[in-house]
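> Dropping in my_file_32.txt, which is compact mmCIF, C-alpha atoms and all ligand atoms:
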```txt
# COMPACT_ATOMS: atom_id res chain seq x y z
CA MET A 1 -89.25 -150.88 -38.96
CA ASN A 2 -92.80 -149.69 -38.31
CA MET A 3 -93.91 -146.05 -38.23
CA ALA A 4 -93.92 -145.80 -34.42
CA GLU A 5 -90.32 -147.05 -34.28
CA LYS A 6 -89.25 -144.67 -37.06
CA GLN A 7 -90.79 -141.71 -35.22
CA GLU A 8 -88.57 -142.34 -32.21
CA LEU A 9 -85.29 -142.37 -34.14
CA SER A 10 -82.91 -139.44 -33.68
CA ILE A 11 -82.12 -136.52 -35.94
CA GLY A 12 -78.40 -136.39 -36.79
CA ILE A 13 -76.54 -133.09 -37.09
CA PHE A 14 -72.98 -132.52 -38.13
CA ASP A 15 -70.63 -129.58 -38.30
CA SER A 16 -66.89 -129.07 -38.57
CA GLY A 17 -66.82 -128.35 -34.82
CA VAL A 18 -68.85 -126.47 -32.23
CA GLY A 19 -70.47 -123.93 -34.55
CA GLY A 20 -73.32 -126.21 -35.58
CA LEU A 21 -74.60 -126.05 -32.01
CA THR A 22 -76.26 -122.76 -33.03
CA VAL A 23 -78.39 -124.89 -35.38
CA MET A 24 -78.89 -127.58 -32.73
CA LYS A 25 -80.14 -124.89 -30.33
CA GLN A 26 -82.88 -123.95 -32.81
CA LEU A 27 -83.78 -127.61 -33.34
CA MET A 28 -84.14 -127.98 -29.56
CA ASN A 29 -86.46 -124.94 -29.53
CA HIS A 30 -88.59 -125.93 -32.50
CA LEU A 31 -88.70 -129.69 -31.87
CA PRO A 32 -88.49 -130.12 -28.10
CA HIS A 33 -89.46 -133.81 -28.21
CA GLU A 34 -86.91 -134.99 -30.76
CA ARG A 35 -83.80 -136.97 -29.87
CA LEU A 36 -80.75 -135.26 -31.35
CA ILE A 37 -77.28 -136.62 -32.06
CA TYR A 38 -74.59 -134.04 -32.77
CA PHE A 39 -71.25 -134.77 -34.36
CA GLY A 40 -68.50 -132.12 -34.43
CA ASP A 41 -65.51 -133.00 -36.60
CA THR A 42 -63.14 -131.11 -34.30
CA ALA A 43 -60.07 -133.11 -35.37
CA ARG A 44 -60.35 -131.84 -38.95
CA MET A 45 -61.70 -128.34 -38.51
CA PRO A 46 -61.63 -125.64 -39.79
CA TYR A 47 -63.47 -126.57 -42.98
CA GLY A 48 -63.66 -122.98 -44.23
CA GLU A 49 -60.19 -122.96 -45.80
CA LYS A 50 -60.25 -126.42 -47.39
CA SER A 51 -60.96 -127.55 -50.94
CA GLN A 52 -64.24 -128.95 -52.21
CA ASN A 53 -62.90 -132.50 -52.64
CA THR A 54 -61.63 -132.60 -49.07
CA ILE A 55 -64.89 -131.23 -47.68
CA ILE A 56 -66.91 -133.78 -49.67
CA ARG A 57 -64.76 -136.58 -48.24
CA TYR A 58 -65.18 -135.28 -44.67
CA ALA A 59 -68.92 -134.74 -45.12
CA ILE A 60 -69.42 -138.32 -46.35
CA ASP A 61 -67.45 -139.70 -43.37
CA ASN A 62 -69.51 -137.60 -40.97
CA ALA A 63 -72.79 -138.67 -42.55
CA ILE A 64 -71.76 -142.35 -42.38
CA PHE A 65 -70.92 -141.97 -38.70
CA LEU A 66 -74.38 -140.52 -38.03
CA MET A 67 -76.14 -143.08 -40.26
CA GLU A 68 -74.53 -145.75 -38.08
CA GLN A 69 -76.37 -144.20 -35.12
CA ASN A 70 -79.63 -144.98 -36.95
CA ILE A 71 -81.02 -141.52 -37.68
CA LYS A 72 -84.22 -140.56 -39.50
CA LEU A 73 -82.99 -137.23 -40.91
CA LEU A 74 -79.60 -135.58 -41.38
CA VAL A 75 -78.91 -131.88 -40.84
CA VAL A 76 -75.75 -130.45 -42.39
CA ALA A 77 -75.27 -127.55 -39.98
CA CYS A 78 -71.92 -126.45 -41.41
CA ASN A 79 -72.26 -123.82 -44.12
CA THR A 80 -69.01 -124.80 -45.84
CA ALA A 81 -70.01 -128.49 -45.92
CA SER A 82 -73.50 -127.55 -47.10
CA ALA A 83 -72.07 -125.35 -49.85
CA PHE A 84 -69.62 -127.94 -51.16
CA ALA A 85 -71.18 -131.30 -50.38
CA LYS A 86 -74.97 -131.01 -50.17
CA GLU A 87 -75.64 -132.37 -53.69
CA LYS A 88 -73.26 -135.29 -53.23
CA LEU A 89 -74.73 -136.23 -49.83
CA LYS A 90 -78.27 -136.08 -51.22
CA ARG A 91 -77.26 -138.43 -54.05
CA ILE A 92 -75.58 -140.95 -51.72
CA PHE A 93 -77.85 -141.16 -48.69
CA LYS A 94 -81.47 -142.16 -48.82
CA ILE A 95 -82.80 -140.32 -45.77
CA PRO A 96 -83.96 -136.65 -45.91
CA ILE A 97 -81.03 -134.23 -45.74
CA VAL A 98 -81.47 -130.60 -44.74
CA ASP A 99 -78.61 -128.20 -45.37
CA VAL A 100 -78.34 -124.59 -44.24
CA ILE A 101 -77.97 -122.89 -47.65
CA GLU A 102 -81.57 -123.20 -48.82
CA PRO A 103 -83.16 -122.09 -45.52
CA GLY A 104 -80.71 -119.17 -45.24
CA ALA A 105 -81.42 -118.02 -48.78
CA GLU A 106 -85.19 -118.29 -48.19
CA LYS A 107 -84.93 -116.26 -45.01
CA ALA A 108 -82.92 -113.47 -46.68
CA ILE A 109 -85.39 -113.27 -49.58
CA GLN A 110 -88.33 -113.11 -47.14
CA VAL A 111 -86.75 -110.25 -45.22
CA THR A 112 -85.24 -108.02 -47.91
CA ARG A 113 -87.28 -105.06 -49.12
CA ASN A 114 -84.92 -103.79 -51.80
CA GLY A 115 -83.36 -107.09 -52.97
CA ARG A 116 -79.83 -106.12 -51.94
CA ILE A 117 -78.40 -108.89 -49.74
CA ALA A 118 -74.93 -109.39 -48.26
CA VAL A 119 -73.79 -112.93 -47.46
CA LEU A 120 -71.01 -113.36 -44.90
CA GLY A 121 -69.16 -116.69 -44.75
CA THR A 122 -65.91 -118.60 -44.76
CA LYS A 123 -63.66 -118.47 -47.82
CA GLY A 124 -64.99 -121.84 -48.96
CA THR A 125 -68.66 -120.88 -48.65
CA ILE A 126 -68.10 -117.60 -50.49
CA LEU A 127 -65.93 -119.16 -53.23
CA SER A 128 -68.53 -121.87 -53.83
CA GLY A 129 -71.12 -119.20 -54.72
CA ALA A 130 -73.75 -121.50 -53.18
CA TYR A 131 -75.77 -118.77 -51.41
CA GLN A 132 -75.66 -116.48 -54.41
CA THR A 133 -76.85 -119.28 -56.71
CA GLU A 134 -79.64 -120.27 -54.32
CA ILE A 135 -80.84 -116.70 -53.75
CA GLN A 136 -80.84 -115.87 -57.45
CA LYS A 137 -82.54 -119.17 -58.32
CA LYS A 138 -85.39 -118.27 -56.00
CA SER A 139 -85.45 -114.53 -56.69
CA SER A 140 -83.55 -113.59 -59.84
CA GLY A 141 -83.76 -109.83 -59.27
CA CYS A 142 -81.72 -109.90 -56.04
CA ALA A 143 -78.21 -108.45 -55.95
CA VAL A 144 -75.95 -110.57 -53.75
CA PHE A 145 -72.76 -109.17 -52.22
CA SER A 146 -70.48 -111.96 -51.00
CA VAL A 147 -68.14 -111.20 -48.12
CA ALA A 148 -65.47 -113.73 -47.08
CA CYS A 149 -64.63 -113.31 -43.39
CA PRO A 150 -61.94 -115.98 -42.81
CA LEU A 151 -60.70 -114.72 -39.42
CA LEU A 152 -64.02 -114.47 -37.64
CA ALA A 153 -64.67 -118.13 -36.77
CA SER A 154 -61.30 -118.43 -34.95
CA LEU A 155 -61.87 -115.21 -32.98
CA ILE A 156 -65.29 -116.45 -31.89
CA GLU A 157 -63.85 -119.81 -30.81
CA GLU A 158 -61.36 -117.88 -28.68
CA LYS A 159 -64.48 -116.38 -27.02
CA PHE A 160 -63.49 -112.92 -28.34
CA ILE A 161 -67.17 -112.04 -28.53
CA GLN A 162 -66.90 -108.48 -27.16
CA HIS A 163 -63.21 -108.08 -27.90
CA PRO A 164 -61.91 -104.95 -29.70
CA ALA A 165 -59.90 -107.21 -32.06
CA THR A 166 -63.10 -108.82 -33.31
CA ARG A 167 -64.73 -105.41 -33.70
CA LEU A 168 -61.75 -104.25 -35.75
CA ILE A 169 -61.80 -107.30 -38.03
CA VAL A 170 -65.57 -106.97 -38.52
CA LYS A 171 -65.01 -103.35 -39.54
CA GLU A 172 -62.22 -104.34 -41.94
CA TYR A 173 -64.40 -106.92 -43.71
CA LEU A 174 -67.61 -104.91 -43.84
CA THR A 175 -66.43 -101.37 -44.63
CA PRO A 176 -66.23 -101.90 -48.45
CA PHE A 177 -69.90 -102.94 -48.45
CA LEU A 178 -71.47 -100.33 -46.17
CA ASP A 179 -72.34 -97.93 -49.00
CA LYS A 180 -73.91 -100.50 -51.33
CA GLY A 181 -77.51 -99.92 -50.24
CA ILE A 182 -77.72 -103.40 -48.69
CA ASP A 183 -80.75 -103.92 -46.44
CA THR A 184 -80.28 -107.57 -45.42
CA VAL A 185 -77.20 -109.34 -44.11
CA LEU A 186 -77.21 -113.13 -44.08
CA LEU A 187 -74.89 -114.82 -41.59
CA GLY A 188 -73.64 -117.71 -43.72
CA CYS A 189 -71.45 -119.32 -41.09
CA THR A 190 -72.37 -121.30 -37.99
CA HIS A 191 -70.29 -119.04 -35.73
CA TYR A 192 -71.53 -115.59 -36.69
CA PRO A 193 -74.81 -115.57 -34.69
CA LEU A 194 -72.58 -115.14 -31.61
CA ILE A 195 -71.33 -111.78 -32.91
CA LYS A 196 -74.59 -110.68 -34.54
CA HIS A 197 -74.55 -107.59 -32.30
CA LEU A 198 -71.15 -106.46 -33.68
CA ILE A 199 -72.27 -106.94 -37.27
CA GLN A 200 -75.53 -105.09 -36.60
CA GLU A 201 -73.65 -102.23 -34.92
CA GLU A 202 -71.21 -101.93 -37.81
CA TRP A 203 -73.98 -101.87 -40.41
CA GLY A 204 -76.40 -99.76 -38.44
CA PRO A 205 -80.08 -100.10 -37.58
CA ASN A 206 -81.48 -99.98 -41.13
CA VAL A 207 -80.10 -103.37 -41.99
CA THR A 208 -81.71 -106.66 -40.91
CA VAL A 209 -79.27 -109.38 -39.88
CA VAL A 210 -80.57 -112.94 -40.39
CA ASP A 211 -79.18 -116.47 -40.14
CA SER A 212 -80.13 -119.94 -41.37
CA ALA A 213 -80.52 -121.71 -38.04
CA SER A 214 -84.16 -121.13 -37.21
CA THR A 215 -85.40 -121.49 -40.81
CA CYS A 216 -83.40 -124.72 -41.01
CA ALA A 217 -85.15 -126.02 -37.88
CA GLU A 218 -88.56 -125.06 -39.34
CA LYS A 219 -87.70 -126.98 -42.50
CA VAL A 220 -86.76 -130.07 -40.47
CA ALA A 221 -90.07 -129.83 -38.58
CA SER A 222 -92.11 -129.56 -41.77
CA ILE A 223 -90.35 -132.52 -43.45
CA LEU A 224 -90.91 -134.75 -40.42
CA GLN A 225 -94.51 -133.63 -40.13
CA GLU A 226 -95.17 -134.37 -43.80
CA LYS A 227 -93.59 -137.82 -43.47
CA GLU A 228 -95.52 -138.37 -40.20
CA GLU A 229 -92.19 -139.03 -38.52
CA LEU A 230 -92.34 -136.52 -35.67
CA SER A 231 -91.62 -138.10 -32.30
CA LYS A 232 -94.69 -138.85 -30.21
CA ALA A 233 -92.69 -139.04 -26.98
CA SER A 234 -93.92 -136.85 -24.15
CA PHE A 235 -90.78 -137.06 -22.02
CA LEU A 236 -87.72 -134.85 -22.44
CA PRO A 237 -85.51 -136.20 -25.20
CA GLU A 238 -81.97 -137.44 -25.08
CA TYR A 239 -79.18 -135.33 -26.60
CA LYS A 240 -75.91 -137.02 -27.56
CA PHE A 241 -72.69 -135.27 -28.50
CA PHE A 242 -69.77 -136.82 -30.36
CA VAL A 243 -66.52 -135.24 -31.54
CA SER A 244 -63.48 -136.49 -33.43
CA ASP A 245 -60.95 -134.72 -31.13
CA ASP A 246 -60.67 -133.96 -27.41
CA PRO A 247 -64.18 -133.86 -25.86
CA LYS A 248 -63.15 -131.53 -22.99
CA LYS A 249 -62.43 -128.52 -25.16
CA PHE A 250 -65.65 -129.00 -27.09
CA ARG A 251 -67.71 -129.05 -23.93
CA SER A 252 -66.48 -125.75 -22.52
CA ILE A 253 -66.88 -123.69 -25.70
CA GLY A 254 -69.90 -125.73 -26.82
CA GLU A 255 -72.03 -124.60 -23.90
CA GLU A 256 -71.52 -121.01 -25.08
CA PHE A 257 -72.82 -121.86 -28.55
CA LEU A 258 -75.68 -124.03 -27.33
CA GLY A 259 -76.76 -121.68 -24.56
CA SER A 260 -77.32 -124.63 -22.23
CA SER A 261 -75.23 -127.21 -20.44
CA ILE A 262 -73.74 -130.27 -22.12
CA GLN A 263 -73.61 -133.34 -19.87
CA GLU A 264 -71.32 -135.66 -21.76
CA VAL A 265 -69.25 -135.56 -24.95
CA LEU A 266 -67.90 -138.77 -26.44
CA GLN A 267 -64.98 -139.24 -28.78
CA ALA A 268 -65.92 -140.93 -32.05
CA SER A 269 -62.85 -141.53 -34.08
CA ALA A 270 -63.39 -145.14 -35.12
CA SER A 271 -65.37 -144.69 -38.32
CA LEU A 272 -63.59 -141.58 -39.52
CA SER A 273 -60.70 -141.88 -41.94
CA HIS A 274 -58.08 -139.19 -41.44
N1 LIG B 301 -68.75 -124.47 -39.51
C1 LIG B 301 -68.08 -123.66 -40.51
C2 LIG B 301 -69.11 -123.01 -41.42
O1 LIG B 301 -70.25 -122.81 -41.06
C3 LIG B 301 -67.21 -122.61 -39.86
C4 LIG B 301 -65.98 -123.15 -39.14
C5 LIG B 301 -64.99 -123.86 -40.05
O2 LIG B 301 -64.38 -123.20 -40.92
O3 LIG B 301 -64.84 -125.06 -39.89
O4 LIG B 301 -68.79 -122.68 -42.53
```
Write the structure described by the file as structure tokens, please.
Ligand code: DGL


Amino acid sequence: MNMAEKQELSIGIFDSGVGGLTVMKQLMNHLPHERLIYFGDTARMPYGEKSQNTIIRYAIDNAIFLMEQNIKLLVVACNTASAFAKEKLKRIFKIPIVDVIEPGAEKAIQVTRNGRIAVLGTKGTILSGAYQTEIQKKSSGCAVFSVACPLLASLIEEKFIQHPATRLIVKEYLTPFLDKGIDTVLLGCTHYPLIKHLIQEEWGPNVTVVDSASTCAEKVASILQEKEELSKASFLPEYKFFVSDDPKKFRSIGEEFLGSSIQEVLQASASLSH
């Protein structure tokens, strides 16, 4: 394949479900000429409660499905999959792989003034210690407070964005950390950008709430630029959406996450082992 052909290949993105659309949204903003193929493993979500071995197996299946679509770069938009499977995926697949842990950690380090950072995520992401390891590898003096928030992703998928129940659960999870002198809160889960306002309100105005999505998109842009693989197309790109369960449900909640309309969602069960 020559360079011009390579430039016009798609970027593949996978997540356990709809959440990764928050990352796709940033890719659409930062790289408006790139073709994007999204895969949401809706049949096997949530990932946040599952073991590392299971997540590695799912992540490999998802990556194979996207590799079969002939992609030039893979984005692991799911925090839990990034935390548990990023090393394994990078060893197996030969194309560039961008996960959300490194960009999120970089963003939090950039923003913090006092080095006291809270990371919010699923049980799996928090248990893996991946954000803590990455932050302390890059900035050893930082204190990282890890907060597992297992109920939040389900509430957000129920569209309980302004709901008092979500506010109450946010309060329950965050209260033990409010007096720790934290100045930066990293949203280490695909879903949490949708309730950023609730987290900000709970923590108050002196805390900066950040997420991985836009730093992840910047990283993708800089890798493609360096490899001279940015698309040269001038027309609006094609976006494809695949899921492993019912496409209808994905479409209605997905538009909320993506912030724009989704024309068609296809079911892609063939290459996935359940
Ligand atoms: N996408 C997952 C993450 O970012 C959240 C949803 C799930 O547990 O599958 O960790």

> Smallest atom-to-atom distance to ligand LIG 301 (chain B): which of A:Met67, A:Ala268, A:Cys189, A:Val220, using all atoms listed in the file?

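For ligand LIG 301 (chain B), the nearest of the candidates is A:Cys189.
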
> For ligand LIG 301 (chain B), collect every residue having any atom at a distance of at most 8 Å from a ligand atom (counting only C-alpha atoms and all ligand atoms); output as a list in words.

Asp15, Ser16, Gly17, Val18, Gly19, Gly20, Met45, Pro46, Tyr47, Gly48, Glu49, Ala77, Cys78, Asn79, Thr80, Ala81, Gly121, Thr122, Gly124, Thr125, Pro150, Ala153, Ser154, Gly188, Cys189, Thr190 and His191 of chain A

> What does the file look like for those residues with C-alpha atoms, as a PDB file, in the coordinates of the input?


```
ATOM      1  CA  ASP A  15     -70.630-129.580 -38.300  1.00  0.00           C
ATOM      2  CA  SER A  16     -66.890-129.070 -38.570  1.00  0.00           C
ATOM      3  CA  GLY A  17     -66.820-128.350 -34.820  1.00  0.00           C
ATOM      4  CA  VAL A  18     -68.850-126.470 -32.230  1.00  0.00           C
ATOM      5  CA  GLY A  19     -70.470-123.930 -34.550  1.00  0.00           C
ATOM      6  CA  GLY A  20     -73.320-126.210 -35.580  1.00  0.00           C
ATOM      7  CA  MET A  45     -61.700-128.340 -38.510  1.00  0.00           C
ATOM      8  CA  PRO A  46     -61.630-125.640 -39.790  1.00  0.00           C
ATOM      9  CA  TYR A  47     -63.470-126.570 -42.980  1.00  0.00           C
ATOM     10  CA  GLY A  48     -63.660-122.980 -44.230  1.00  0.00           C
ATOM     11  CA  GLU A  49     -60.190-122.960 -45.800  1.00  0.00           C
ATOM     12  CA  ALA A  77     -75.270-127.550 -39.980  1.00  0.00           C
ATOM     13  CA  CYS A  78     -71.920-126.450 -41.410  1.00  0.00           C
ATOM     14  CA  ASN A  79     -72.260-123.820 -44.120  1.00  0.00           C
ATOM     15  CA  THR A  80     -69.010-124.800 -45.840  1.00  0.00           C
ATOM     16  CA  ALA A  81     -70.010-128.490 -45.920  1.00  0.00           C
ATOM     17  CA  GLY A 121     -69.160-116.690 -44.750  1.00  0.00           C
ATOM     18  CA  THR A 122     -65.910-118.600 -44.760  1.00  0.00           C
ATOM     19  CA  GLY A 124     -64.990-121.840 -48.960  1.00  0.00           C
ATOM     20  CA  THR A 125     -68.660-120.880 -48.650  1.00  0.00           C
ATOM     21  CA  PRO A 150     -61.940-115.980 -42.810  1.00  0.00           C
ATOM     22  CA  ALA A 153     -64.670-118.130 -36.770  1.00  0.00           C
ATOM     23  CA  SER A 154     -61.300-118.430 -34.950  1.00  0.00           C
ATOM     24  CA  GLY A 188     -73.640-117.710 -43.720  1.00  0.00           C
ATOM     25  CA  CYS A 189     -71.450-119.320 -41.090  1.00  0.00           C
ATOM     26  CA  THR A 190     -72.370-121.300 -37.990  1.00  0.00           C
ATOM     27  CA  HIS A 191     -70.290-119.040 -35.730  1.00  0.00           C
TER      28      HIS A 191
END
```

> With all atoms listed in the file as the atoms that count, which of A:Phe250, A:Tyr131, A:Phe84, A:Trp203 lies nearest to Gly40 (chain A)?

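For Gly40 (chain A), the nearest of the candidates is A:Phe250.
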
> Within 9 Å of Ile13 (chain A), counting all atoms listed in the file, which residues qualify if same-chain residues fewer than 2 places away don't, as a PyMOL selection string?

chain A and resi 11+15+20-21+23-24+36-40+63+66+73-77

> Give the answer as one residue: which of A:Asp246, A:Asp211, A:Glu202, A:Glu5 has the shortest atom-to-atom distance to Thr22 (chain A), using only C-alpha atoms?

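Checking each of A:Asp246, A:Asp211, A:Glu202, A:Glu5 against Thr22 (chain A), counting only C-alpha atoms, the winner is A:Asp211.
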
> Which residues come within 12 Å of Asn2 (chain A), counting only C-alpha atoms, excluding same-chain residues fewer than 6 positions away, as a PyMOL selection string?

chain A and resi 8-9+228-229

> I need the residue nearest Asp179 (chain A) from this list: A:Phe235, A:Phe160, A:Phe145, A:Tyr192. Use all atoms listed in the file for the distance.

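Closest residue, counting all atoms listed in the file: A:Phe145.
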
> So which one's closest to Ser260 (chain A), A:Ser140, A:Ser234, A:Gln26, A:Ser10? Using only C-alpha atoms, please.

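Distance minimum relative to Ser260 (chain A) lands on A:Gln26.
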
> Counting only C-alpha atoms, which of A:Pro164, A:Gly254, A:Lys6, A:Ala108 gets nearest to Val209 (chain A)?

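With only C-alpha atoms as the atom set, the closest residue is A:Ala108.
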
> Compile the contact shell of Glu106 (chain A) as a list in words: residues with an atom at most 9 Å away, counting all atoms listed in the file, same-chain residues fewer than 4 positions apart removed.

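Contacts, in chain order: Ile101, Glu102, Gln110, Val111, Glu134, Ile135, Lys138, Ser212 and Thr215 of chain A.
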
> Could you pull the residues within 12 Å of Leu174 (chain A), counting all atoms listed in the file, minus those fewer than 2 positions along the same chain, as number ranges by chain?

A: 118-121, 145-149, 152, 167-172, 176-180, 182, 185, 198-204

> Would you write out those residues with C-alpha atoms, as an mmCIF file, keeping the file's coordinate frame?


```cif
data_model
loop_
_atom_site.group_PDB
_atom_site.id
_atom_site.type_symbol
_atom_site.label_atom_id
_atom_site.label_comp_id
_atom_site.auth_asym_id
_atom_site.auth_seq_id
_atom_site.Cartn_x
_atom_site.Cartn_y
_atom_site.Cartn_z
ATOM 1 C CA ALA A 118 -74.930 -109.390 -48.260
ATOM 2 C CA VAL A 119 -73.790 -112.930 -47.460
ATOM 3 C CA LEU A 120 -71.010 -113.360 -44.900
ATOM 4 C CA GLY A 121 -69.160 -116.690 -44.750
ATOM 5 C CA PHE A 145 -72.760 -109.170 -52.220
ATOM 6 C CA SER A 146 -70.480 -111.960 -51.000
ATOM 7 C CA VAL A 147 -68.140 -111.200 -48.120
ATOM 8 C CA ALA A 148 -65.470 -113.730 -47.080
ATOM 9 C CA CYS A 149 -64.630 -113.310 -43.390
ATOM 10 C CA LEU A 152 -64.020 -114.470 -37.640
ATOM 11 C CA ARG A 167 -64.730 -105.410 -33.700
ATOM 12 C CA LEU A 168 -61.750 -104.250 -35.750
ATOM 13 C CA ILE A 169 -61.800 -107.300 -38.030
ATOM 14 C CA VAL A 170 -65.570 -106.970 -38.520
ATOM 15 C CA LYS A 171 -65.010 -103.350 -39.540
ATOM 16 C CA GLU A 172 -62.220 -104.340 -41.940
ATOM 17 C CA PRO A 176 -66.230 -101.900 -48.450
ATOM 18 C CA PHE A 177 -69.900 -102.940 -48.450
ATOM 19 C CA LEU A 178 -71.470 -100.330 -46.170
ATOM 20 C CA ASP A 179 -72.340 -97.930 -49.000
ATOM 21 C CA LYS A 180 -73.910 -100.500 -51.330
ATOM 22 C CA ILE A 182 -77.720 -103.400 -48.690
ATOM 23 C CA VAL A 185 -77.200 -109.340 -44.110
ATOM 24 C CA LEU A 198 -71.150 -106.460 -33.680
ATOM 25 C CA ILE A 199 -72.270 -106.940 -37.270
ATOM 26 C CA GLN A 200 -75.530 -105.090 -36.600
ATOM 27 C CA GLU A 201 -73.650 -102.230 -34.920
ATOM 28 C CA GLU A 202 -71.210 -101.930 -37.810
ATOM 29 C CA TRP A 203 -73.980 -101.870 -40.410
ATOM 30 C CA GLY A 204 -76.400 -99.760 -38.440
#
```

> To one decimal in Å, tell me the separation between CA of Ser261 (chain A) and CA of Ile71 (chain A).

23.1 Å

> Rounded to one decimal, what separation in Å do you get between CA of Glu264 (chain A) and CA of Tyr58 (chain A)?

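Taking CA of Glu264 (chain A) and CA of Tyr58 (chain A), their separation equals 23.7 Å.
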
> Enclose the full set of atoms of region 151-159 of chain A listed in the file within a box whose edges lie along x, y and z, apply 8 Å of padding to each of the six sides, and report centre and edge lengths in Å to one decimal as JSON.


```
{"center_x": -63.0, "center_y": -117.1, "center_z": -33.2, "size_x": 20.6, "size_y": 21.3, "size_z": 28.4}
```

> Give me region 5-22 of chain A with N, CA and C atoms filled in, as a PDB file, in the frame of the given file.


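Output (rebuild.pdb):
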```pdb
ATOM      1  N   GLU A   5     -91.776-146.918 -34.558  1.00  0.00           N
ATOM      2  CA  GLU A   5     -90.320-147.050 -34.280  1.00  0.00           C
ATOM      3  C   GLU A   5     -89.541-145.952 -35.004  1.00  0.00           C
ATOM      4  N   LYS A   6     -89.926-145.693 -36.248  1.00  0.00           N
ATOM      5  CA  LYS A   6     -89.250-144.670 -37.060  1.00  0.00           C
ATOM      6  C   LYS A   6     -89.374-143.297 -36.379  1.00  0.00           C
ATOM      7  N   GLN A   7     -90.561-143.021 -35.855  1.00  0.00           N
ATOM      8  CA  GLN A   7     -90.790-141.710 -35.220  1.00  0.00           C
ATOM      9  C   GLN A   7     -89.829-141.469 -34.057  1.00  0.00           C
ATOM     10  N   GLU A   8     -89.421-142.522 -33.399  1.00  0.00           N
ATOM     11  CA  GLU A   8     -88.570-142.340 -32.210  1.00  0.00           C
ATOM     12  C   GLU A   8     -87.072-142.385 -32.516  1.00  0.00           C
ATOM     13  N   LEU A   9     -86.719-142.456 -33.791  1.00  0.00           N
ATOM     14  CA  LEU A   9     -85.290-142.370 -34.140  1.00  0.00           C
ATOM     15  C   LEU A   9     -84.799-140.940 -33.940  1.00  0.00           C
ATOM     16  N   SER A  10     -83.480-140.777 -33.900  1.00  0.00           N
ATOM     17  CA  SER A  10     -82.910-139.440 -33.680  1.00  0.00           C
ATOM     18  C   SER A  10     -82.742-138.676 -34.992  1.00  0.00           C
ATOM     19  N   ILE A  11     -82.558-137.376 -34.832  1.00  0.00           N
ATOM     20  CA  ILE A  11     -82.120-136.520 -35.940  1.00  0.00           C
ATOM     21  C   ILE A  11     -80.601-136.377 -35.775  1.00  0.00           C
ATOM     22  N   GLY A  12     -79.854-136.563 -36.846  1.00  0.00           N
ATOM     23  CA  GLY A  12     -78.400-136.390 -36.790  1.00  0.00           C
ATOM     24  C   GLY A  12     -77.999-135.027 -37.313  1.00  0.00           C
ATOM     25  N   ILE A  13     -77.014-134.430 -36.680  1.00  0.00           N
ATOM     26  CA  ILE A  13     -76.540-133.090 -37.090  1.00  0.00           C
ATOM     27  C   ILE A  13     -75.030-133.144 -37.142  1.00  0.00           C
ATOM     28  N   PHE A  14     -74.430-132.639 -38.213  1.00  0.00           N
ATOM     29  CA  PHE A  14     -72.980-132.520 -38.130  1.00  0.00           C
ATOM     30  C   PHE A  14     -72.487-131.153 -38.538  1.00  0.00           C
ATOM     31  N   ASP A  15     -71.316-130.837 -38.001  1.00  0.00           N
ATOM     32  CA  ASP A  15     -70.630-129.580 -38.300  1.00  0.00           C
ATOM     33  C   ASP A  15     -69.134-129.874 -38.240  1.00  0.00           C
ATOM     34  N   SER A  16     -68.334-128.900 -38.680  1.00  0.00           N
ATOM     35  CA  SER A  16     -66.890-129.070 -38.570  1.00  0.00           C
ATOM     36  C   SER A  16     -66.448-129.047 -37.099  1.00  0.00           C
ATOM     37  N   GLY A  17     -67.220-128.443 -36.232  1.00  0.00           N
ATOM     38  CA  GLY A  17     -66.820-128.350 -34.820  1.00  0.00           C
ATOM     39  C   GLY A  17     -67.989-127.968 -33.944  1.00  0.00           C
ATOM     40  N   VAL A  18     -67.795-126.895 -33.173  1.00  0.00           N
ATOM     41  CA  VAL A  18     -68.850-126.470 -32.230  1.00  0.00           C
ATOM     42  C   VAL A  18     -69.924-125.599 -32.866  1.00  0.00           C
ATOM     43  N   GLY A  19     -69.577-124.945 -33.986  1.00  0.00           N
ATOM     44  CA  GLY A  19     -70.470-123.930 -34.550  1.00  0.00           C
ATOM     45  C   GLY A  19     -71.886-124.413 -34.802  1.00  0.00           C
ATOM     46  N   GLY A  20     -72.010-125.663 -35.247  1.00  0.00           N
ATOM     47  CA  GLY A  20     -73.320-126.210 -35.580  1.00  0.00           C
ATOM     48  C   GLY A  20     -74.258-126.290 -34.389  1.00  0.00           C
ATOM     49  N   LEU A  21     -73.726-126.056 -33.195  1.00  0.00           N
ATOM     50  CA  LEU A  21     -74.600-126.050 -32.010  1.00  0.00           C
ATOM     51  C   LEU A  21     -75.590-124.895 -32.067  1.00  0.00           C
ATOM     52  N   THR A  22     -75.279-123.842 -32.862  1.00  0.00           N
ATOM     53  CA  THR A  22     -76.260-122.760 -33.030  1.00  0.00           C
ATOM     54  C   THR A  22     -77.493-123.290 -33.785  1.00  0.00           C
TER      55      THR A  22
END
```
